[in-house]
$ cat entry_37.txt   # compact mmCIF, C-alpha atoms (C1' of nucleotides) and all ligand atoms
# COMPACT_ATOMS: atom_id res chain seq x y z
CA MET X 1262 0.00 0.00 0.00
CA ASN X 1263 1.66 3.20 -1.22
CA SER X 1264 0.67 6.85 -1.29
CA LEU X 1265 -1.03 6.39 -4.67
CA ASN X 1266 -3.22 3.54 -3.46
CA ARG X 1267 -3.96 5.38 -0.24
CA SER X 1268 -5.31 8.23 -2.36
CA GLY X 1269 -7.49 5.89 -4.38
CA LEU X 1270 -5.28 6.01 -7.47
CA LYS X 1271 -3.92 3.01 -9.31
CA ASN X 1272 -0.22 2.47 -8.88
CA THR X 1273 1.21 2.86 -12.37
CA LYS X 1274 4.86 3.14 -13.21
CA ALA X 1275 4.45 6.61 -14.68
CA ARG X 1276 2.70 8.00 -11.62
CA ALA X 1277 5.13 6.43 -9.18
CA ALA X 1278 8.06 7.78 -11.17
CA ILE X 1279 6.55 11.26 -11.42
CA LEU X 1280 6.20 11.37 -7.65
CA LYS X 1281 9.80 10.28 -7.20
CA ILE X 1282 11.08 12.81 -9.73
CA LEU X 1283 9.24 15.64 -7.99
CA GLN X 1284 10.31 14.42 -4.56
CA GLN X 1285 13.94 14.52 -5.60
CA SER X 1286 13.76 17.95 -7.21
CA ASN X 1287 14.62 21.05 -5.24
CA ARG X 1288 12.53 23.25 -7.50
CA PRO X 1289 9.20 23.08 -9.35
CA LEU X 1290 9.32 21.25 -12.69
CA SER X 1291 7.32 21.80 -15.87
CA ALA X 1292 5.29 19.02 -17.47
CA GLU X 1293 7.92 18.87 -20.17
CA GLU X 1294 10.77 18.50 -17.69
CA ILE X 1295 8.84 15.75 -15.96
CA TYR X 1296 8.25 14.03 -19.29
CA ASP X 1297 11.99 14.22 -20.00
CA GLY X 1298 12.72 12.84 -16.54
CA LEU X 1299 10.51 9.85 -17.28
CA VAL X 1300 12.33 9.20 -20.54
CA LYS X 1301 15.62 9.20 -18.64
CA CYS X 1302 14.13 6.53 -16.37
CA ASN X 1303 13.28 4.56 -19.52
CA ILE X 1304 9.60 5.13 -18.91
CA HIS X 1305 8.03 5.98 -22.24
CA VAL X 1306 4.49 7.23 -21.88
CA ASN X 1307 2.31 9.51 -23.94
CA ALA X 1308 2.34 13.21 -23.06
CA SER X 1309 -1.38 13.03 -22.35
CA THR X 1310 -0.65 10.41 -19.72
CA VAL X 1311 1.76 12.80 -18.05
CA TYR X 1312 -0.83 15.56 -18.01
CA ARG X 1313 -3.56 13.22 -16.76
CA ALA X 1314 -1.23 11.91 -14.05
CA LEU X 1315 -0.32 15.44 -12.97
CA THR X 1316 -3.99 16.40 -12.81
CA ALA X 1317 -4.81 13.33 -10.72
CA LEU X 1318 -1.89 13.90 -8.35
CA CYS X 1319 -2.93 17.53 -7.90
CA ASP X 1320 -6.53 16.56 -7.23
CA LYS X 1321 -5.35 14.19 -4.53
CA LYS X 1322 -3.01 16.85 -3.17
CA LEU X 1323 0.03 14.64 -3.59
CA ILE X 1324 1.61 17.41 -5.63
CA GLY X 1325 1.04 21.11 -6.15
CA LYS X 1326 0.67 23.17 -9.31
CA THR X 1327 1.96 26.67 -9.78
CA ASN X 1328 2.48 29.17 -12.55
CA VAL X 1329 5.44 31.26 -11.77
CA THR X 1330 7.37 32.29 -14.86
CA GLY X 1331 4.64 34.54 -16.28
CA ASP X 1332 4.18 32.54 -19.47
CA LYS X 1333 1.54 29.91 -20.05
CA LYS X 1334 3.52 26.99 -18.66
CA SER X 1335 2.61 25.41 -15.33
CA PHE X 1336 5.04 23.98 -12.80
CA PHE X 1337 4.62 21.13 -10.35
CA GLU X 1338 6.22 20.22 -7.05
CA TYR X 1339 6.05 17.48 -4.48
CA ASN X 1340 3.58 18.37 -1.84
CA ALA X 1341 4.90 17.53 1.57
CA LYS X 1342 6.85 20.68 1.49
CA GLY X 1343 4.38 23.22 2.75
CA HIS X 1344 4.02 26.86 1.86
CA ARG X 1345 6.71 28.21 -0.45
CA HIS X 1346 7.82 31.22 -2.41
CA TYR X 1347 10.03 31.46 -5.45
CA LEU X 1348 12.86 33.64 -6.57
CA ILE X 1349 13.11 33.49 -10.35
CA CYS X 1350 15.96 34.68 -12.54
CA SER X 1351 14.35 36.68 -15.32
CA GLU X 1352 17.16 35.78 -17.68
CA CYS X 1353 17.88 32.06 -17.28
CA LYS X 1354 14.54 31.19 -15.57
CA LYS X 1355 16.31 29.45 -12.73
CA ILE X 1356 13.96 28.99 -9.78
CA ILE X 1357 15.05 29.19 -6.14
CA THR X 1358 12.62 27.97 -3.51
CA ILE X 1359 12.16 30.11 -0.42
CA GLU X 1360 10.72 28.74 2.79
CA ARG X 1361 10.13 31.86 4.82
CA CYS X 1362 6.80 33.66 4.55
CA PRO X 1363 6.42 37.24 5.78
CA LEU X 1364 2.73 37.59 4.96
CA ARG X 1365 0.59 35.95 7.61
CA ALA X 1366 -0.15 39.18 9.44
CA TYR X 1367 -0.75 41.02 6.17
CA GLU X 1368 -3.39 38.45 5.18
CA LYS X 1369 -5.24 38.94 8.43
CA MET X 1370 -5.37 42.68 7.92
CA LEU X 1371 -6.64 42.24 4.39
CA GLU X 1372 -9.45 39.98 5.55
CA LEU X 1373 -10.63 42.68 7.90
CA GLU X 1374 -10.34 45.39 5.26
CA THR X 1375 -11.94 43.58 2.33
CA ASN X 1376 -14.30 41.09 3.93
CA PHE X 1377 -12.80 38.34 1.75
CA THR X 1378 -12.08 34.93 3.23
CA ILE X 1379 -8.45 34.50 2.27
CA SER X 1380 -7.30 31.00 1.40
CA GLY X 1381 -3.71 31.70 0.45
CA HIS X 1382 -1.32 33.67 -1.66
CA LYS X 1383 1.36 33.38 -4.26
CA LEU X 1384 4.50 35.42 -4.01
CA SER X 1385 7.16 35.33 -6.67
CA ILE X 1386 10.23 37.49 -6.63
CA TYR X 1387 12.08 38.31 -9.83
CA GLY X 1388 15.61 39.37 -10.48
CA SER X 1389 18.96 38.36 -11.90
CA CYS X 1390 20.82 35.44 -10.40
CA PRO X 1391 24.52 35.73 -9.47
CA GLU X 1392 25.52 34.01 -12.73
CA CYS X 1393 23.36 36.17 -15.02
CA LYS X 1394 23.78 39.57 -13.45
CA ASP X 1395 27.42 39.93 -14.48
CA LYS X 1396 26.63 39.54 -18.16
CA MET N 1335 2.21 64.93 -29.58
CA ASN N 1336 0.70 62.28 -27.31
CA SER N 1337 2.11 59.48 -25.18
CA LEU N 1338 2.01 57.10 -28.12
CA ASN N 1339 4.03 59.38 -30.35
CA ARG N 1340 6.41 60.17 -27.52
CA SER N 1341 7.10 56.44 -27.27
CA GLY N 1342 7.76 56.17 -30.99
CA LEU N 1343 4.44 54.47 -31.76
CA LYS N 1344 1.97 55.58 -34.37
CA ASN N 1345 -1.17 57.12 -32.98
CA THR N 1346 -3.95 54.78 -34.10
CA LYS N 1347 -7.51 54.83 -32.85
CA ALA N 1348 -7.26 51.33 -31.40
CA ARG N 1349 -4.13 52.07 -29.41
CA ALA N 1350 -5.42 55.37 -28.10
CA ALA N 1351 -8.69 53.73 -27.07
CA ILE N 1352 -6.92 50.82 -25.38
CA LEU N 1353 -4.91 53.25 -23.30
CA LYS N 1354 -8.05 55.12 -22.31
CA ILE N 1355 -9.92 51.92 -21.44
CA LEU N 1356 -7.08 50.76 -19.21
CA GLN N 1357 -6.69 54.19 -17.66
CA GLN N 1358 -10.33 54.20 -16.67
CA SER N 1359 -10.36 50.69 -15.24
CA ASN N 1360 -9.75 50.08 -11.57
CA ARG N 1361 -8.56 46.53 -12.20
CA PRO N 1362 -6.48 44.65 -14.76
CA LEU N 1363 -8.36 43.65 -17.91
CA SER N 1364 -7.93 40.64 -20.18
CA ALA N 1365 -7.29 41.02 -23.91
CA GLU N 1366 -10.84 39.85 -24.46
CA GLU N 1367 -12.30 42.46 -22.12
CA ILE N 1368 -10.26 45.11 -23.87
CA TYR N 1369 -11.51 43.88 -27.23
CA ASP N 1370 -15.09 44.10 -25.95
CA GLY N 1371 -14.39 47.58 -24.63
CA LEU N 1372 -13.25 48.66 -28.09
CA VAL N 1373 -16.42 47.29 -29.65
CA LYS N 1374 -18.45 49.33 -27.18
CA CYS N 1375 -16.56 52.40 -28.40
CA ASN N 1376 -17.51 51.41 -31.94
CA ILE N 1377 -13.92 50.61 -32.73
CA HIS N 1378 -13.90 47.39 -34.70
CA VAL N 1379 -10.41 45.97 -35.09
CA ASN N 1380 -9.09 42.49 -35.55
CA ALA N 1381 -8.13 40.54 -32.43
CA SER N 1382 -4.57 40.28 -33.70
CA THR N 1383 -4.43 44.07 -33.75
CA VAL N 1384 -5.43 44.13 -30.10
CA TYR N 1385 -2.70 41.67 -29.21
CA ARG N 1386 -0.11 43.52 -31.28
CA ALA N 1387 -1.15 46.81 -29.68
CA LEU N 1388 -0.92 45.32 -26.19
CA THR N 1389 2.53 43.94 -26.95
CA ALA N 1390 3.71 47.31 -28.26
CA LEU N 1391 2.28 49.20 -25.29
CA CYS N 1392 3.96 46.75 -22.90
CA ASP N 1393 7.28 47.08 -24.70
CA LYS N 1394 7.09 50.85 -24.34
CA LYS N 1395 6.04 50.48 -20.69
CA LEU N 1396 2.84 52.39 -21.23
CA ILE N 1397 0.97 49.43 -19.79
CA GLY N 1398 1.84 46.38 -17.71
CA LYS N 1399 1.07 42.71 -18.24
CA THR N 1400 0.30 40.25 -15.50
CA ASN N 1401 -0.95 36.72 -15.15
CA VAL N 1402 -2.83 36.45 -11.99
CA THR N 1403 -5.71 34.01 -12.26
CA GLY N 1404 -3.55 30.92 -12.71
CA ASP N 1405 -5.00 30.01 -16.08
CA LYS N 1406 -3.50 30.85 -19.42
CA LYS N 1407 -5.04 34.29 -19.78
CA SER N 1408 -2.98 37.47 -19.32
CA PHE N 1409 -4.22 40.72 -17.85
CA PHE N 1410 -3.19 44.29 -18.63
CA GLU N 1411 -3.26 47.52 -16.71
CA TYR N 1412 -2.40 51.16 -17.24
CA ASN N 1413 1.07 51.86 -16.10
CA ALA N 1414 1.19 55.10 -14.21
CA LYS N 1415 -0.26 53.40 -11.25
CA GLY N 1416 2.87 52.05 -9.64
CA HIS N 1417 3.40 48.86 -7.74
CA ARG N 1418 0.28 46.84 -7.07
CA HIS N 1419 -1.00 43.59 -5.64
CA TYR N 1420 -4.17 41.69 -6.35
CA LEU N 1421 -6.78 39.92 -4.32
CA ILE N 1422 -8.56 37.41 -6.53
CA CYS N 1423 -11.81 35.57 -5.82
CA SER N 1424 -11.15 31.93 -6.66
CA GLU N 1425 -14.79 31.41 -7.54
CA CYS N 1426 -15.91 34.38 -9.64
CA LYS N 1427 -12.39 35.56 -10.61
CA LYS N 1428 -13.12 39.11 -9.48
CA ILE N 1429 -9.90 41.07 -9.04
CA ILE N 1430 -9.37 43.69 -6.33
CA THR N 1431 -6.34 45.93 -6.62
CA ILE N 1432 -4.27 46.55 -3.51
CA GLU N 1433 -1.93 49.49 -3.18
CA ARG N 1434 -0.02 48.67 -0.05
CA CYS N 1435 3.18 46.60 -0.29
CA PRO N 1436 4.64 44.94 2.79
CA LEU N 1437 7.67 43.45 1.07
CA ARG N 1438 10.37 46.08 0.61
CA ALA N 1439 12.37 45.00 3.64
CA TYR N 1440 11.90 41.35 2.78
CA GLU N 1441 13.40 41.94 -0.67
CA LYS N 1442 16.47 43.57 0.81
CA MET N 1443 17.06 40.60 3.09
CA LEU N 1444 16.69 38.21 0.20
CA GLU N 1445 19.26 40.09 -1.86
CA LEU N 1446 21.78 39.67 0.92
CA GLU N 1447 20.94 36.01 1.41
CA THR N 1448 20.86 34.88 -2.21
CA ASN N 1449 23.14 37.32 -4.00
CA PHE N 1450 20.42 37.93 -6.60
CA THR N 1451 19.76 41.44 -7.84
CA ILE N 1452 16.04 41.72 -7.22
CA SER N 1453 14.02 43.70 -9.71
CA GLY N 1454 10.55 43.20 -8.32
CA HIS N 1455 7.91 40.78 -7.18
CA LYS N 1456 4.40 39.63 -7.81
CA LEU N 1457 2.06 38.97 -4.96
CA SER N 1458 -1.42 37.62 -5.51
CA ILE N 1459 -3.76 36.75 -2.72
CA TYR N 1460 -6.58 34.28 -3.25
CA GLY N 1461 -9.82 33.75 -1.45
CA SER N 1462 -13.57 34.06 -1.63
CA CYS N 1463 -15.15 37.45 -2.06
CA PRO N 1464 -18.02 38.59 0.15
CA GLU N 1465 -20.55 37.66 -2.54
CA CYS N 1466 -19.18 34.17 -3.22
CA LYS N 1467 -18.31 33.04 0.28
CA ASP N 1468 -21.93 32.75 1.43
CA LYS N 1469 -22.85 30.30 -1.29
C1' DA Y 989 -4.42 -18.54 -10.93
C1' DA Y 990 -8.39 -17.02 -13.63
C1' DT Y 991 -12.15 -13.40 -14.05
C1' DA Y 992 -14.20 -8.90 -14.06
C1' DC Y 993 -14.36 -4.20 -14.54
C1' DA Y 994 -13.39 0.53 -13.57
C1' DA Y 995 -9.47 3.11 -14.08
C1' DA Y 996 -5.70 4.37 -16.92
C1' DC Y 997 -3.56 4.41 -21.36
C1' DG Y 998 -2.28 5.51 -26.42
C1' DC Y 999 -3.35 8.03 -30.19
C1' DA Y 1000 -5.49 11.47 -32.84
C1' DA Y 1001 -8.17 15.33 -32.86
C1' DG Y 1002 -9.75 19.44 -30.51
C1' DT Y 1003 -9.30 23.81 -27.60
C1' DC Y 1004 -8.00 28.35 -26.41
C1' DA Y 1005 -5.23 32.31 -25.97
C1' DT Y 1006 -1.95 34.15 -28.50
C1' DT Y 1007 1.37 34.73 -32.53
C1' DT Y 1008 2.85 35.11 -37.23
C1' DG Y 1009 3.20 35.45 -42.50
C1' DC Y 1010 1.84 38.22 -46.02
C1' DG Y 1011 -0.41 41.36 -48.89
C1' DT Y 1012 -2.81 45.89 -48.21
C1' DT Y 1013 -3.63 50.26 -45.79
C1' DT Y 1014 -2.31 54.33 -43.05
C1' DG Y 1015 0.22 57.68 -39.91
C1' DT Y 1016 3.94 60.71 -40.17
C1' DA Y 1017 8.02 62.86 -41.90
C1' DT Y 1018 9.63 65.27 -46.01
C1' DA V 1194 1.27 65.57 -52.29
C1' DT V 1195 4.58 61.76 -51.83
C1' DA V 1196 7.11 58.08 -49.71
C1' DC V 1197 7.64 54.38 -46.80
C1' DA V 1198 8.02 52.09 -42.44
C1' DA V 1199 4.74 50.91 -39.33
C1' DA V 1200 0.32 48.98 -38.51
C1' DC V 1201 -3.58 46.39 -40.10
C1' DG V 1202 -6.80 42.45 -41.65
C1' DC V 1203 -7.19 37.86 -42.45
C1' DA V 1204 -6.06 33.19 -42.28
C1' DA V 1205 -3.05 29.85 -40.83
C1' DA V 1206 0.17 28.37 -37.22
C1' DT V 1207 1.68 27.72 -32.27
C1' DG V 1208 2.11 25.71 -27.81
C1' DA V 1209 0.45 23.88 -23.79
C1' DC V 1210 -2.60 21.42 -22.69
C1' DT V 1211 -7.40 18.56 -22.95
C1' DT V 1212 -10.60 15.16 -24.63
C1' DG V 1213 -13.08 11.28 -27.18
C1' DC V 1214 -12.70 6.67 -27.93
C1' DG V 1215 -11.20 2.13 -28.39
C1' DT V 1216 -7.73 -0.90 -25.97
C1' DT V 1217 -4.97 -2.33 -21.99
C1' DT V 1218 -4.02 -2.97 -17.06
C1' DG V 1219 -4.15 -2.65 -11.81
C1' DT V 1220 -6.81 -4.43 -8.26
C1' DA V 1221 -10.46 -6.73 -6.04
C1' DT V 1222 -12.98 -11.04 -6.12
C1' DT V 1223 -13.72 -15.69 -6.90
MN MN X 1501 3.79 33.30 1.90
MN MN X 1502 4.71 44.42 -3.30
ZN ZN X 1503 19.97 33.50 -14.16
ZN ZN X 1504 -16.33 35.98 -5.96
$ encode --input "entry_37.txt" --output "structure tokens"
Amino acid sequence: MNSLNRSGLKNTKARAAILKILQQSNRPLSAEEIYDGLVKCNIHVNASTVYRALTALCDKKLIGKTNVTGDKKSFFEYNAKGHRHYLICSECKKIITIERCPLRAYEKMLELETNFTISGHKLSIYGSCPECKDK
Amino acid sequence: MNSLNRSGLKNTKARAAILKILQQSNRPLSAEEIYDGLVKCNIHVNASTVYRALTALCDKKLIGKTNVTGDKKSFFEYNAKGHRHYLICSECKKIITIERCPLRAYEKMLELETNFTISGHKLSIYGSCPECKDK
DNA sequence: AATACAAACGCAAGTCATTTGCGTTTGTAT
DNA sequence: ATACAAACGCAAATGACTTGCGTTTGTATT
């Protein structure tokens, strides 16, 4: 009995490998990068299978989906990692994950001001990484 | 001599109207909403003209582009309005603009920690608006 | 181990926002 | 008034997914 079965999903080699790939990554990965990772593991599945697997894993909250680079690509990450922020290099698109969150108090204030019920936030910080900023 | 000409762009009715529509909006608008706004002004242009105009206006920094709802649609806003954040209703996709920014000090700390040169950030807060949260 | 069946898959076609090629029109400088 | 790069209209192309459908497979049951 693994985490897939526990979530009511069938244990397929693609899904298990996707989870492992995301677990071992220290940054969010695009569907394409995940697809490439599978190929490197000699797991050859259709792209639609990758997308369907990612959707299922998101629905079951085993992974998280985010959209951080500003273009139309989504990114995915293993989801035992809690609340995160990202620092993105605008040139090379490198993504650094940041653990600290300075916004809890700010959210509370906003709830009072706007009468919204706030469920969360996304914060992405942009800049030039040490390697790119010298060029 | 208007802001379009000053930026080296030709002054066309579509571009002038797009600027006015965005100036008068209190929230970011999608390309589609802008297109609809033009139609209401009796300005009938091709959708590709709208996209090309938005790209040109972004390049010249007369407007800003953002991607806030998580889906593949982009939003645009008039760009004399400074740094902003958004509060988005996850149900009806309503967007509230927020002026206050609590992150200046946080950015400074991050620069020291990561050695990035930080150029900015995007903060979007998600929740349920007063109208949607009762349903 | 064999059976049964919903879930998952492969493949091809479809979607949707946006982009692009190309021939024609137009804003602006001369 | 003329010239011409810039902008436009239109149709086709893109890219990241999504979906319909017929076939295969993981898992529960005999
Ligand atoms: Mn946070
Ligand atoms: Mn801010
Ligand atoms: Zn970089
Ligand atoms: Zn709402």
$ atom_distance --input "entry_37.txt" --atom1 "CA of Lys1274 in chain X" --atom2 "C1' of DG1002 in chain Y"
27.9 Å
$ interface_residues --input "entry_37.txt" --of "chain Y" --to "chain N" --cutoff "10 Å" --atoms "all atoms listed in the file" --output "list in words"
DC1004, DA1005, DT1006, DT1007, DT1008, DT1014, DG1015 and DT1016 of chain Y
$ residues_near_ligand --input "entry_37.txt" --ligand "ligand ZN 1503 (chain X)" --cutoff "6 Å" --atoms "all atoms listed in the file" --output "PDB file with C-alpha atoms, in the frame of the given file"
ATOM      1  CA  CYS X1350      15.960  34.680 -12.540  1.00  0.00           C
ATOM      2  CA  GLU X1352      17.160  35.780 -17.680  1.00  0.00           C
ATOM      3  CA  CYS X1353      17.880  32.060 -17.280  1.00  0.00           C
ATOM      4  CA  LYS X1355      16.310  29.450 -12.730  1.00  0.00           C
ATOM      5  CA  SER X1389      18.960  38.360 -11.900  1.00  0.00           C
ATOM      6  CA  CYS X1390      20.820  35.440 -10.400  1.00  0.00           C
ATOM      7  CA  GLU X1392      25.520  34.010 -12.730  1.00  0.00           C
ATOM      8  CA  CYS X1393      23.360  36.170 -15.020  1.00  0.00           C
TER       9      CYS X1393
END
$ residues_near_ligand --input "entry_37.txt" --ligand "ligand MN 1502 (chain X)" --cutoff "12 Å" --atoms "all atoms listed in the file" --output "PyMOL selection string"
(chain X and resi 1363-1364+1367+1383-1387) or (chain N and resi 1416-1420+1431-1441+1453-1459)
$ atom_distance --input "entry_37.txt" --atom1 "CA of Lys1442 in chain N" --atom2 "CA of Ser1351 in chain X"
17.7 Å
$ axis_aligned_box --input "entry_37.txt" --around "range 1309-1328 of chain X" --padding-each-side "3 Å" --output "JSON"
{"center_x": -2.0, "center_y": 19.8, "center_z": -12.8, "size_x": 15.0, "size_y": 24.8, "size_z": 25.2}
$ closest_residue --input "entry_37.txt" --among "N:Leu1446, N:Asn1380, N:Leu1356, N:Tyr1369" --to "Glu1411 in chain N" --atoms "all atoms listed in the file"
N:Leu1356
$ atom_distance --input "entry_37.txt" --atom1 "CA of Met1443 in chain N" --atom2 "CA of Gly1325 in chain X"
26.9 Å
$ closest_atom_pairs --input "entry_37.txt" --of "chain X" --to "ligand ZN 1504 (chain X)" --cutoff "12 Å" --atoms "only C-alpha atoms and all ligand atoms" --output "Markdown table"
| residue | atom | partner | partner_atom | distance |
| --- | --- | --- | --- | --- |
| X:Asn1376 | CA | X:ZN1504 | ZN | 11.3 |
| X:Phe1377 | CA | X:ZN1504 | ZN | 8.8 |
| X:Thr1378 | CA | X:ZN1504 | ZN | 10.2 |
| X:Ile1379 | CA | X:ZN1504 | ZN | 11.5 |
$ residues_around --input "entry_37.txt" --residues "Gln1285 in chain X" --least-positions-apart "4" --cutoff "10 Å" --atoms "only C-alpha atoms (C1' of nucleotides)" --output "PyMOL selection string"
chain X and resi 1279-1281+1338-1339
$ interface_residues --input "entry_37.txt" --of "chain V" --to "chain N" --cutoff "9 Å" --atoms "all atoms listed in the file" --output "VMD selection string"
chain V and resid 1199 to 1203
$ closest_residue --input "entry_37.txt" --among "N:Ser1364, N:Gly1404, N:Glu1447, N:Asn1413" --to "chain X" --atoms "all atoms listed in the file"
N:Gly1404
$ residues_near_point --input "entry_37.txt" --point "(-7.4, -2.2, -25.7)" --cutoff "10 Å" --atoms "only C-alpha atoms (C1' of nucleotides)" --output "PyMOL selection string"
(chain Y and resi 997-998) or (chain V and resi 1215-1218)
$ write_last_selection --input "entry_37.txt" --atoms "C-alpha atoms (C1' of nucleotides)" --output "compact mmCIF listing (two decimals), in the coordinates of the input"
# COMPACT_ATOMS: atom_id res chain seq x y z
C1' DC Y 997 -3.56 4.41 -21.36
C1' DG Y 998 -2.28 5.51 -26.42
C1' DG V 1215 -11.20 2.13 -28.39
C1' DT V 1216 -7.73 -0.90 -25.97
C1' DT V 1217 -4.97 -2.33 -21.99
C1' DT V 1218 -4.02 -2.97 -17.06
$ closest_residue --input "entry_37.txt" --among "X:Pro1289, X:Gly1388, X:Gly1298, X:Gly1269" --to "chain N" --atoms "all atoms listed in the file"
X:Gly1388
$ closest_residue --input "entry_37.txt" --among "X:Glu1372, X:Ala1278, X:Asn1328, X:Ile1295" --to "chain N" --atoms "only C-alpha atoms"
X:Asn1328
